Structures are given as structure tokens and as C-alpha cells.
Amino acid sequence: MSSDSIQRVFQLKLDPLTGNSEWVIIEDGNKEEEETFKSSSNALLATTSYLDMLNDDTRNRAFREAIDKTITKPCHVLDIGAGTGLLSMMAARAMGTCDDSKKGMVTACESYLPMVKLMRKVLNLNGMGKNVKIFNKRSDELQVGVDIPSRADVLVSEILDSELLGEGLIPTLQHAHDMLLVDNPLTVPYRATTYGQLVESTFLWKLHDLSNNEEEASDGIHLVPAGLDTILRVQAKQHPMHCDAISKEINLLSEPFKIFEFDFWKRPDSQGDSKLLIKATNDGRIHAVVSWWILQLDSEGTIFYSTAPRWITSPIATYTGNWCDHWKQCVWFIPGEGIPISKGEEVHLHAVHSDTSVSYNLATQATEIRECDSIAGDSHLTLCPERIAIYGDRKWRSCMLTALKNLLQARVHPLCVVADDSVFLSLLVAHLSKTSNVIALFPGLRERGVQYLKAVADANGITADRIEVFQKKKYLTLNDTKQKKVDLLIGEPYYYGNDGMLPWQNFRFWKERTMLDSVLAEDVLVMPCKATLKACAMSLPDLWKSHRCLSKIEDFDHSIVNNTLGACGDLPAPLEGPLLPFFIWQCGETKELSETFTIMEFDLSKSIGPCYGKAQVEFTEQGMCHGFVLWIDWVMDAKNSVVLTTGPDERYWKQGVKLLSQPVEVGGRGSSTGNCCSTLLEASFDPSSGELAVKHVWS
């Protein structure tokens, strides 16, 4: 950020097809630049949780009630992480500054410039542009006597994530109490308390224990060799998840227990720990700690907000009935196969919090403290839980084995290039074909992939020099292959760090194939050789409600933010809501209303190019259609004998969702209700941007 007159922010813009990123400068007050980067900012904001949060009626009402109860006279209110300015407007209204601005003041602090621009529009729309003083700064950049005339009497803030601490709550509160607030300030929220519960779940176990799960695979590959149990692992942290979606697969092994308490009205400590003795309520194996938090928003303890799962029935933690995606429960995985426990047995739990995270260690009389061991050096890889589960899935590995064996039958001394970040395929092709030369591009893993392969090569019966990792930033040339053409080009496809992207953004593999065209043999075999865009019409009431167009929130008009935040609803033509990635199985209530249908196919054996497809969708079930779920099926061989689907039934992959502007009541052919029976769905793929455009026409 520069001077007071001109403010700049650097926004990272990613090209999904190349993996390249560039810093885009967004400058406040420069109209030409604003228009140039408006679409970029809108696209980024549409992928955030702002819209979902603003559609959380329970949250909004709780904050409004607490602010009205806490602010009863003119004062100086500080709003940190102000977003659209909703809490600032609530504070201004509560102390009556709309009528007399001299009675008090509201300072809104927001560090993200595109959101600051949006806040100004919202404040002006509600006639509060003069009632709230905005600072496009981090709160730790604010100075009393420079930016604000005095310390604030009241703090209103909502800088909470699913874990509670991940957005920097503790350091933010520390600085605010040290530099920006009066002694003993009033705060909304007043207090936050974290809770946990011990659970057994095979599904959760598979999300982290690759070592034991891959033992059932028959391909001879050891991604986690004996003695290197943590060389390929999930990050040791709390992972956000909608645990209600797997409630029927969870065996509760304890009563809920209180872990930490954080008071907003006083300066928090950077470090803290809690030692608990927990009695098991059932026999089982502890695979995870499920945690959540409860906000007490007022000092008297009458207004609460909870992220507890539905099975919790405490009076202040009862499920709100309001599904939302911005706050979930969290899961902490217990290393290995978990800890066996008997009903009545006691478990020692040691919870530790830092500035930004919480970790747990567990022990029983029969076991030692279970910690996530670390490996010396840089040879270990940290992957997301879903990728760990995929690599441990026997069915998936069997499909890859079959497809690669079929491919290798046609080649004697092949030069094989692994175009993505698949350490599995790199090891598998070297294992299956002793005469092959393997080059792994590892565009995301890079040196981490090199160190990992060195560490596991011996255990997989290959020498480290069998797989060459191409580490130049430019594309592979014939000089790099010693003038030999590439016979096999393969990928899963998987790109490290792209786990949250839309399914078709893995067409980076197709782009890589195109850029490597000059080094490919005329009869090169490509795996996957084809991709199919599949879709299904679905009822998604919870997801649609969380992304619907905003109107008034606690009597404050927010309609101006709908386009920017990617809302579905009555947007002005030709604007439409964006395609967004979700784990459909975690999206609350869902129902399929049509058979799965194909929209278009992509020939990955040829160079990337524009594609168009359409399909007539026949509804097979009666219900309210909220949108279409889209995904990619990867055809691994030319005979179509091995197809890997990433559809809604596959819980390790995200799908793309196109929400309708308004839900439509549909029914099957022959239905006597007169509901809509079919629609035409059209899709087009732009190879220059990697974007997929989807439109529908009701019939």
C-alpha cells in the first residue's frame, strides 16, 4: 500500500491451464485499472465464503442482537475485518450515529482492497457513507493519533474460521488490546469456547493412513515403505469438514469435552495447553478428534452461535438448522490405525494451541502419546486427505495398474513422460517396465518430488536414476530427451496444490500435451486419452440457499454485492452465477433428479482446442431443481475399458456446480403435475482460459 491518496493491493492471478501465476496490481481510484481487473476480482471474491456467510441468517441475527444489547450509548467502535461493513452499520445504528454523527464514531478496518471497494458501495447504498470511517489496512497498521483520534471503547469483529484461530484471531486481539482499545473494552463476541469428541470412523481413517491402507493394493508399489511411515502424509492440523454428512459412519467414543476458552474482552496468550482425562463411552478405535466452537456474543451469556454437529444436544450448542459452508466442524487425525479403547477406559488428551492453530496428543494406559512424527530432511510430502485416500484406494490403484499395463504392451523400450505430479505413476511405470526411461515433470512438486523418489526408490525395487525429474522451468525439448521422441505421455491427472479447483481445470494435462507436441512420437500413446464432461440435475436446497442473491440483511440492503460475490438469483442479463467447486456429499440435503448424461467429450490425444456440446436433460424424479452438478470422467485407454469417474458418488473428488437463478419444480415424463420435464444444457470450453461456460434452456 502506498500513500493516503492512492491505495494499491497486489492480487495473485492463477492460470489453471499452465500453473503460472502473476501479481496483478489493483489501484484504488484508477478507473481504467478498476475496469481491467474488475472481472478478476469478482471471480476471486465469488470463490470466497463471503456470500455464504452473509446468507447465514442465524449468524447475522446473533451479531445484531448482541451489538444492540452491548452498544447502548455513543462511543468509539472498532470493526476489524469489516468485510461488507455489516457489523459497522449495526454498530452505527445501535448508537444512533445516523442522526447525529458527533455522538460517536465507527472505524472499519479491512485489508483487502476489492472488499473495501464493495464496502463503500454498501455503506453508500444504505446512507451510511458518512457514519463509518474506512481504513484499507491491516488492524496492526492502524495507529492512534495518526489514523484514529483515540482508543476504541468497543470491538466488534468476526475473524473466525472453522478452527477458530486460523484467521489470526489471537495476534489480532493482542495488538488491538495493546494499541487500539481502552482498558476493559466491550466486545462482540464476548467469548469463544472450543469443544471436542473422540470418534471412530473408517472413512476418516482412510483419509490419512496411507501406510496401512495401501497394504491391500496388488501393484507392488509402496508409497509409504516400512520404516518411513510419515514420508507421505496429511498435514498435522485440524481439517474442516461437514461431519454431519458422515454421522451414520461415526461411532462416538466419548461425551463432548471442553478444550479451550478464549475471551475477546481481554488480551489472549499466544500459547496455551489443556490436559484432560476423558472416559470412553463405547468400545472402538480412536481415529480422530472432531471439534467445534461456540460463540457467546454477549457478556450476560444469553446469545450464542454454535458450529456443533447435529448430534450435539446441549442447550447452547444445539444444531441451528442452518446449513452453511463457511464454518464447519474440524477433524484431527490420530496417526496410524488409531488407538484401541474399551468402554470405561480413560484417555489422556493434551491439547496445545499456538497463535493460529490447535493440535492434540492422545494416550491410554496401553499406549504412548500419539504424535505426528517428523522426518529429518526434506524427503517427506504433505498431501490433502482426499489425495491420501485416493492413493490408498485399492479400486483406483487397480484401474491405474490395468490401464498402464495395457499401454506398455505396445512398447518395448519406451520413453515415458509423467506430465503431472503423480509420484504413484512415476514409480509404477518404472516398476512395470524395467527397460523404460522415465521422465517426471513434477510441475508442482519439483525438488520435493526428487527428494521423495530418492527416499522410496530402494523399497520399490528401482534405482533412483531410473526416474529423471525434469527441473527446468521451460518445456521439455529433444535436447533434454537426447533426441528420442516420447512414446508414452501419462498422468492421473493430478497437480500439487490444485486440490480445490474445478474438475476440468485438470485439463492442464491437455495443455501440457499440446506444448510437448514437438517431442512426441507420431504414434505416442496418451493416458488418459479422453475426457468426458458428465452432469446430473440435482435438488440442492441448502447449497442454493447459502448462495442466493442478497437483499436486506438485518434491514441493511446488500443487493449491490450479488454480482461481485457470485450470487445465484435475479442478476441483470447477461450475468450468471459462476461454476463453483464443492464436495457434493458435504452439501447438506441433496437429491438426483435426472440420470447422469454426457455433455461433450475431449480428445486428449490431440492438441487442445475449443469444444462445444449439448444434451437434452430428461428429469426422472419429481422435485425442486436447484442446479446441475458437473464432473469429468477420465478414459484411461483407447478401448474405453478403464474409466475413472469423479462424480458425486466419489467422495474424494470435488464436482463443479452450476446453480439456477431460481429453483424450478420438475417431474418425469408422464407426470400429472404439469411440472417441467426436460431442459437443454449447453457447454463450451475455452482453451485460452480453461473456463467452461454452461447455459440451459427450459422446455
# chains A, B, ... in the order shown; residues from 1 in each chain; ligands from 1
>>> residues_around(residues="A:Glu589", least_positions_apart="4", cutoff="7 Å", atoms="only C-alpha atoms", output="list in words")
Leu540, Pro541 and Asp542 of chain A
>>> write_last_selection(atoms="N, CA and C atoms", output="JSON list (two decimals), in the first residue's frame")
[["chain", "number", "residue", "atom", "x", "y", "z"],
["A", 540, "LEU", "N", -30.62, -29.18, -4.56],
["A", 540, "LEU", "CA", -29.56, -28.77, -3.64],
["A", 540, "LEU", "C", -30.05, -27.59, -2.79],
["A", 541, "PRO", "N", -31.09, -27.79, -1.99],
["A", 541, "PRO", "CA", -31.70, -26.65, -1.29],
["A", 541, "PRO", "C", -30.76, -25.92, -0.35],
["A", 542, "ASP", "N", -29.93, -26.64, 0.38],
["A", 542, "ASP", "CA", -29.03, -25.99, 1.34],
["A", 542, "ASP", "C", -27.96, -25.18, 0.63]]
>>> select_by_dssp(residues="stretch 130-265 of chain A", states="strand (DSSP E)", output="JSON, numbers by chain")
{"A": [132, 133, 134, 135, 152, 153, 154, 155, 156, 157, 181, 182, 183, 184, 185, 186, 187, 188, 191, 192, 193, 194, 195, 196, 197, 198, 199, 200, 232, 233, 234, 239, 240, 241, 251, 252, 257, 258, 259, 260, 261, 262, 263]}
>>> closest_residue(among="A:Pro581, A:Gly19, A:Pro189, A:Gly609", to="A:Phe262", atoms="only C-alpha atoms")
A:Pro189
>>> closest_residue(among="A:Asp517, A:Pro340, A:Met105, A:Asp458", to="A:Tyr475", atoms="only C-alpha atoms")
A:Asp517
>>> residues_around(residues="A:Asn562", least_positions_apart="4", cutoff="10 Å", atoms="only C-alpha atoms", output="list in words")
Ala46, Leu51, His547, Arg548, Cys549, Leu550, Ser551, His558, Gly566, Ala567, Cys568, Gly569, Asp570, Leu571 and Gly577 of chain A
>>> residues_around(residues="stretch 124-138 of chain A", least_positions_apart="4", cutoff="8 Å", atoms="only C-alpha atoms", output="MDAnalysis selection string")
chainID A and resid 7 88:89 92 97:98 101 105:113 116 120 142 556:557 560
>>> residues_around(residues="A:Thr514", least_positions_apart="2", cutoff="10 Å", atoms="only C-alpha atoms", output="list in words")
Arg508, Phe509, Trp510, Lys511, Glu512, Leu516, Asp517, Ser518, Leu520, Leu604, Ser605, Lys606, Ser607, Ile608 and Gly609 of chain A
